file entry.cif (mmCIF, C-alpha atoms)
data_data
#
loop_
_atom_site.label_atom_id
_atom_site.label_comp_id
_atom_site.auth_asym_id
_atom_site.auth_seq_id
_atom_site.Cartn_x
_atom_site.Cartn_y
_atom_site.Cartn_z
CA MET A 1274 -9.83 15.97 28.56
CA ARG A 1275 -6.21 14.86 28.35
CA ASN A 1276 -4.68 13.00 25.41
CA ILE A 1277 -2.41 10.08 26.35
CA LYS A 1278 -0.02 8.59 23.80
CA LEU A 1279 1.30 5.05 24.21
CA ILE A 1280 3.96 3.04 22.44
CA LEU A 1281 3.18 -0.68 22.52
CA GLU A 1282 5.10 -3.87 21.88
CA TYR A 1283 3.20 -7.11 21.46
CA ASP A 1284 3.30 -10.67 20.27
CA GLY A 1285 0.18 -11.06 18.15
CA SER A 1286 0.14 -14.87 18.31
CA GLY A 1287 -2.56 -15.15 20.97
CA PHE A 1288 -4.86 -12.42 19.63
CA SER A 1289 -7.39 -12.20 16.79
CA GLY A 1290 -5.78 -9.05 15.43
CA TRP A 1291 -5.92 -5.48 16.68
CA GLN A 1292 -9.52 -4.38 16.12
CA TRP A 1293 -12.05 -4.86 18.91
CA GLN A 1294 -14.57 -7.67 18.36
CA PRO A 1295 -17.20 -8.77 20.88
CA GLY A 1296 -16.29 -11.91 22.77
CA ILE A 1297 -12.99 -12.37 20.91
CA PRO A 1298 -9.49 -11.72 22.34
CA THR A 1299 -8.09 -8.73 20.45
CA LEU A 1300 -5.26 -6.33 21.23
CA GLN A 1301 -7.53 -3.30 21.24
CA GLY A 1302 -9.93 -5.08 23.52
CA ALA A 1303 -7.15 -6.06 25.93
CA LEU A 1304 -5.84 -2.49 26.11
CA GLU A 1305 -9.29 -0.95 26.58
CA ASP A 1306 -10.04 -3.48 29.32
CA ALA A 1307 -6.79 -2.49 31.08
CA ILE A 1308 -7.78 1.19 30.81
CA ARG A 1309 -11.19 0.42 32.33
CA LYS A 1310 -9.56 -1.44 35.22
CA THR A 1311 -7.11 1.43 35.74
CA SER A 1312 -9.40 4.48 35.62
CA GLY A 1313 -12.95 3.12 35.47
CA GLU A 1314 -13.45 4.65 32.02
CA THR A 1315 -14.98 2.81 29.08
CA LEU A 1316 -13.49 4.29 25.94
CA ARG A 1317 -12.11 3.54 22.49
CA VAL A 1318 -8.42 3.93 21.68
CA THR A 1319 -6.99 4.99 18.30
CA ALA A 1320 -4.06 3.05 16.84
CA SER A 1321 -1.68 4.04 14.06
CA GLY A 1322 -3.06 1.07 12.12
CA ARG A 1323 -4.85 -2.23 12.59
CA THR A 1324 -2.57 -5.25 12.61
CA ASP A 1325 -4.03 -8.57 11.45
CA SER A 1326 -4.34 -11.73 13.51
CA GLY A 1327 -0.87 -13.11 14.27
CA VAL A 1328 0.99 -9.91 13.34
CA HIS A 1329 3.41 -8.44 15.88
CA ALA A 1330 4.50 -4.91 16.83
CA LEU A 1331 7.66 -3.41 18.25
CA GLY A 1332 6.41 0.16 18.11
CA GLN A 1333 2.64 0.41 17.70
CA VAL A 1334 1.40 3.89 18.64
CA VAL A 1335 -1.96 4.45 20.34
CA ASN A 1336 -3.72 7.46 21.83
CA PHE A 1337 -6.85 7.98 23.90
CA HIS A 1338 -8.61 10.90 25.57
CA THR A 1339 -9.23 10.59 29.28
CA GLU A 1340 -10.70 12.57 32.16
CA SER A 1341 -8.37 10.82 34.58
CA GLU A 1342 -5.71 12.84 36.40
CA LEU A 1343 -3.26 9.93 36.40
CA SER A 1344 0.22 10.92 35.24
CA PRO A 1345 1.72 9.25 32.15
CA HIS A 1346 4.10 7.42 34.49
CA SER A 1347 1.15 6.05 36.47
CA TRP A 1348 -0.65 5.02 33.28
CA HIS A 1349 2.50 3.20 32.16
CA GLY A 1350 2.76 1.12 35.31
CA ALA A 1351 -0.94 0.48 35.82
CA LEU A 1352 -1.63 -0.68 32.27
CA ASN A 1353 1.29 -3.09 32.32
CA HIS A 1354 -0.06 -4.48 35.59
CA TRP A 1355 -3.33 -5.45 33.89
CA LEU A 1356 -2.03 -6.47 30.45
CA ARG A 1357 -0.93 -10.03 29.76
CA PRO A 1358 2.86 -10.57 29.37
CA SER A 1359 2.62 -10.78 25.57
CA MET A 1360 1.55 -7.11 25.40
CA ARG A 1361 3.47 -4.24 26.99
CA VAL A 1362 3.36 -0.45 27.15
CA LEU A 1363 6.91 0.72 26.41
CA ALA A 1364 6.24 4.43 26.92
CA ALA A 1365 3.40 6.74 27.94
CA THR A 1366 3.37 10.50 27.38
CA GLU A 1367 0.84 13.31 27.29
CA ALA A 1368 0.22 14.52 23.73
CA GLU A 1369 -1.32 17.65 22.26
CA SER A 1370 -5.10 17.55 22.21
CA ASP A 1371 -5.23 17.26 18.41
CA PHE A 1372 -2.69 14.42 18.16
CA SER A 1373 -4.02 11.27 16.51
CA ALA A 1374 -1.98 8.06 16.38
CA ARG A 1375 -3.60 7.32 13.03
CA PHE A 1376 -4.03 10.64 11.27
CA SER A 1377 -0.91 12.44 12.51
CA SER A 1378 1.52 9.76 11.30
CA LYS A 1379 3.95 10.59 8.50
CA SER A 1380 5.50 7.19 7.83
CA LYS A 1381 5.62 3.60 9.06
CA ARG A 1382 8.24 0.90 8.96
CA TYR A 1383 7.44 -2.79 8.76
CA ASP A 1384 9.81 -5.76 8.87
CA TYR A 1385 9.04 -9.20 7.52
CA LEU A 1386 11.10 -12.21 8.68
CA ILE A 1387 11.66 -15.40 6.70
CA ILE A 1388 13.54 -18.42 8.04
CA ASN A 1389 14.99 -20.24 5.04
CA ARG A 1390 16.02 -23.79 5.88
CA ARG A 1391 14.78 -27.32 5.27
CA MET A 1392 13.34 -27.99 8.72
CA PRO A 1393 10.87 -25.65 10.45
CA SER A 1394 11.95 -23.99 13.69
CA PRO A 1395 10.03 -24.79 16.87
CA ILE A 1396 11.41 -21.57 18.38
CA HIS A 1397 10.53 -19.21 15.53
CA ARG A 1398 7.35 -20.85 14.25
CA ASN A 1399 5.06 -18.06 15.52
CA HIS A 1400 7.41 -15.26 14.51
CA THR A 1401 8.71 -16.06 11.00
CA TRP A 1402 7.62 -17.54 7.69
CA HIS A 1403 9.31 -20.90 7.23
CA VAL A 1404 10.41 -21.36 3.59
CA SER A 1405 11.95 -24.80 3.13
CA TYR A 1406 13.27 -24.57 -0.44
CA PRO A 1407 16.48 -22.72 -1.45
CA LEU A 1408 16.06 -19.05 -2.37
CA ASP A 1409 18.15 -16.98 -4.78
CA PHE A 1410 18.79 -14.05 -2.46
CA GLU A 1411 20.52 -11.89 -5.08
CA ALA A 1412 17.55 -12.25 -7.45
CA MET A 1413 15.23 -11.23 -4.60
CA LYS A 1414 17.33 -8.11 -3.94
CA GLU A 1415 17.28 -7.21 -7.62
CA ALA A 1416 13.49 -7.54 -7.69
CA ALA A 1417 13.09 -5.54 -4.47
CA ALA A 1418 14.97 -2.60 -5.97
CA LEU A 1419 12.36 -2.38 -8.74
CA LEU A 1420 9.58 -1.85 -6.17
CA LEU A 1421 11.18 1.27 -4.70
CA GLY A 1422 9.58 4.60 -5.46
CA THR A 1423 6.02 5.55 -6.34
CA HIS A 1424 3.82 2.93 -8.01
CA ASP A 1425 0.25 1.77 -8.31
CA PHE A 1426 0.33 -1.24 -5.96
CA THR A 1427 -3.03 -2.74 -6.97
CA SER A 1428 -1.31 -6.05 -7.81
CA LEU A 1429 0.20 -6.13 -4.32
CA ARG A 1430 -2.80 -5.30 -2.16
CA ALA A 1431 -5.58 -7.50 -0.81
CA THR A 1432 -8.53 -8.00 -3.12
CA ASP A 1433 -10.81 -6.69 -0.36
CA CYS A 1434 -8.69 -3.57 0.28
CA ASP A 1435 -11.09 -0.63 0.40
CA SER A 1436 -8.56 2.15 -0.21
CA GLU A 1437 -9.68 4.35 -3.11
CA TYR A 1438 -6.11 5.37 -3.97
CA PRO A 1439 -3.73 2.43 -4.68
CA VAL A 1440 -0.64 4.57 -5.37
CA ARG A 1441 2.01 4.47 -2.64
CA GLU A 1442 5.62 5.58 -2.34
CA LEU A 1443 8.04 3.02 -0.94
CA ARG A 1444 10.78 5.18 0.56
CA THR A 1445 12.98 2.29 1.60
CA LEU A 1446 12.95 -1.42 0.81
CA ASP A 1447 15.94 -3.28 2.22
CA LEU A 1448 16.55 -7.00 2.02
CA THR A 1449 19.23 -8.51 4.26
CA ARG A 1450 20.29 -12.05 5.09
CA GLU A 1451 22.10 -13.35 8.15
CA GLY A 1452 22.54 -17.10 8.05
CA GLU A 1453 19.15 -18.70 7.55
CA MET A 1454 17.19 -15.54 8.43
CA ILE A 1455 16.03 -13.10 5.74
CA ARG A 1456 14.69 -9.69 6.76
CA LEU A 1457 12.61 -7.44 4.52
CA SER A 1458 12.37 -3.84 5.82
CA VAL A 1459 9.99 -1.38 4.16
CA GLU A 1460 9.06 2.20 4.94
CA ALA A 1461 6.31 4.30 3.38
CA GLY A 1462 3.94 7.11 4.21
CA GLY A 1463 1.14 4.56 4.15
CA PHE A 1464 0.43 0.96 3.17
CA LEU A 1465 -2.42 -0.90 1.54
CA ARG A 1466 -4.03 -3.93 3.15
CA HIS A 1467 -1.66 -6.95 3.01
CA MET A 1468 0.79 -4.91 0.90
CA VAL A 1469 3.92 -5.91 2.84
CA ARG A 1470 2.88 -9.56 3.03
CA ASN A 1471 2.17 -9.60 -0.72
CA ILE A 1472 5.55 -8.02 -1.44
CA ALA A 1473 7.19 -10.71 0.71
CA GLY A 1474 5.30 -13.48 -1.07
CA THR A 1475 6.21 -12.09 -4.49
CA LEU A 1476 9.90 -11.77 -3.60
CA VAL A 1477 9.92 -15.38 -2.36
CA PHE A 1478 8.48 -16.43 -5.73
CA VAL A 1479 11.39 -14.58 -7.34
CA GLY A 1480 13.82 -16.37 -5.05
CA ARG A 1481 12.26 -19.69 -5.94
CA GLY A 1482 12.46 -18.99 -9.68
CA ARG A 1483 8.71 -18.68 -10.29
CA PHE A 1484 9.28 -15.05 -11.34
CA LYS A 1485 12.35 -13.28 -12.67
CA PRO A 1486 13.40 -9.93 -11.22
CA GLY A 1487 12.56 -8.29 -14.54
CA ASP A 1488 8.93 -9.42 -14.17
CA ILE A 1489 8.29 -6.85 -11.43
CA PRO A 1490 7.37 -3.91 -13.74
CA ALA A 1491 4.86 -6.10 -15.61
CA ILE A 1492 3.37 -7.32 -12.32
CA LEU A 1493 2.80 -3.71 -11.22
CA GLU A 1494 1.44 -2.67 -14.61
CA ALA A 1495 -1.07 -5.54 -14.61
CA LYS A 1496 -2.95 -3.96 -11.66
CA ASN A 1497 -4.26 -7.43 -10.91
CA ARG A 1498 -3.70 -9.31 -7.65
CA ARG A 1499 -3.43 -12.61 -9.53
CA ALA A 1500 -0.36 -11.35 -11.40
CA ALA A 1501 1.76 -11.30 -8.22
CA GLY A 1502 2.93 -13.91 -5.72
CA PRO A 1503 1.07 -15.31 -2.71
CA THR A 1504 0.22 -13.51 0.50
CA ALA A 1505 2.91 -14.35 3.04
CA PRO A 1506 1.56 -15.63 6.39
CA PRO A 1507 0.96 -13.05 9.12
CA GLN A 1508 3.35 -14.33 11.78
CA GLY A 1509 6.44 -12.99 9.96
CA LEU A 1510 5.20 -9.38 9.97
CA TYR A 1511 6.20 -6.71 12.50
CA LEU A 1512 5.13 -3.07 12.80
CA VAL A 1513 8.49 -1.65 13.84
CA LYS A 1514 8.10 2.11 14.02
CA VAL A 1515 5.68 4.98 13.35
CA ASP A 1516 7.09 8.45 12.69
CA TYR A 1517 5.24 11.70 13.29
CA GLU A 1518 7.87 14.28 12.32
#
call {"tool": "encode", "arguments": {"input": "entry.cif", "output": "structure tokens"}}
result
Amino acid sequence: MRNIKLILEYDGSGFSGWQWQPGIPTLQGALEDAIRKTSGETLRVTASGRTDSGVHALGQVVNFHTESELSPHSWHGALNHWLRPSMRVLAATEAESDFSARFSSKSKRYDYLIINRRMPSPIHRNHTWHVSYPLDFEAMKEAAALLLGTHDFTSLRATDCDSEYPVRELRTLDLTREGEMIRLSVEAGGFLRHMVRNIAGTLVFVGRGRFKPGDIPAILEAKNRRAAGPTAPPQGLYLVKVDYE
């Protein structure tokens, strides 16, 4: 058995998330269908993580074990032939037999995009969160700095998150603004369910004046989802990169 590693880019707008579901268009299902059409094999692929419905990826990593003798180059071309244009294999390589896209990863980077202007954008509506009211960007940056480091992120994870260990280390958390576009970039060894979207929603509440930057420590200490801001919508979220070194 050979182990093939893929790097994927996709627009999640037309899919019901990553995870395979019977009779529903999912990213995993689309990729596994392309594999079946390429090699005749019915198999399950492993992703670095499951993205929710509407979430995008610039560097999702996937691996699968195959009996096919197709070269990585042939896999690359054949899969892109069968995949719809909103999903593309950027690279295909042969990995060590024990490589796992999920369990071998050391860190991930996510970006969250907010378009901050009065009118919504027809162009960016499926790829950003439209926030129509003015935001205090400097207050948001001040609040973001207080989230860096190792914390219990119970207040910033989904209520149905099944992770037994809510402590995570945010290695980087950068907030930048260019014109009407705000970008939140976060990197960590691992994330809790909806963690990035909840961070984005909480920072927007800071920018709106609902919270002060100094409220962040109390929000974390509360260990209560209701203490933080709303869950930002999925279409602004991008899985940018997965590192294995």
call {"tool": "closest_residue", "arguments": {"input": "entry.cif", "among": "A:Trp1348, A:Tyr1385, A:Tyr1438, A:Phe1484", "to": "Asn1471 (chain A)", "atoms": "all atoms listed in the file"}}
result
A:Tyr1385
call {"tool": "residues_near_point", "arguments": {"input": "entry.cif", "point": "(15.8, -9.3, 7.2)", "cutoff": "8 Å", "atoms": "only C-alpha atoms", "output": "PyMOL selection string"}}
result
chain A and resi 1384-1387+1447-1451+1454-1458
call {"tool": "residues_around", "arguments": {"input": "entry.cif", "residues": "Arg1483 (chain A)", "least_positions_apart": "2", "cutoff": "12 Å", "atoms": "all atoms listed in the file", "output": "PyMOL selection string"}}
result
chain A and resi 1408-1409+1412-1413+1474-1481+1485-1489+1500-1503
call {"tool": "resolve_selection", "arguments": {"input": "entry.cif", "expression": "the PyMOL selection byres ((chain A and resi 1325-1335) around 6)", "output": "VMD selection string"}}
result
chain A and resid 1278 to 1286 1289 to 1290 1319 to 1321 1324 1336 1374 1507 to 1508 1510 to 1514
call {"tool": "atom_distance", "arguments": {"input": "entry.cif", "atom1": "CA of Val1362 (chain A)", "atom2": "CA of Leu1304 (chain A)"}}
result
9.5 Å
call {"tool": "closest_residue", "arguments": {"input": "entry.cif", "among": "A:Asp1306, A:Asp1435, A:Asp1516, A:Glu1460", "to": "Arg1357 (chain A)", "atoms": "only C-alpha atoms"}}
result
A:Asp1306
call {"tool": "axis_aligned_box", "arguments": {"input": "entry.cif", "around": "region 1468-1472 of chain A", "padding_each_side": "6 Å", "output": "JSON"}}
result
{"center_x": 3.2, "center_y": -7.3, "center_z": 0.8, "size_x": 16.8, "size_y": 16.7, "size_z": 16.5}
call {"tool": "closest_residue", "arguments": {"input": "entry.cif", "among": "A:Lys1379, A:His1346, A:Arg1466, A:Lys1310", "to": "Ala1365 (chain A)", "atoms": "all atoms listed in the file"}}
result
A:His1346
call {"tool": "closest_residue", "arguments": {"input": "entry.cif", "among": "A:Gly1313, A:Phe1337, A:Gln1301, A:Thr1423", "to": "Phe1372 (chain A)", "atoms": "all atoms listed in the file"}}
result
A:Phe1337
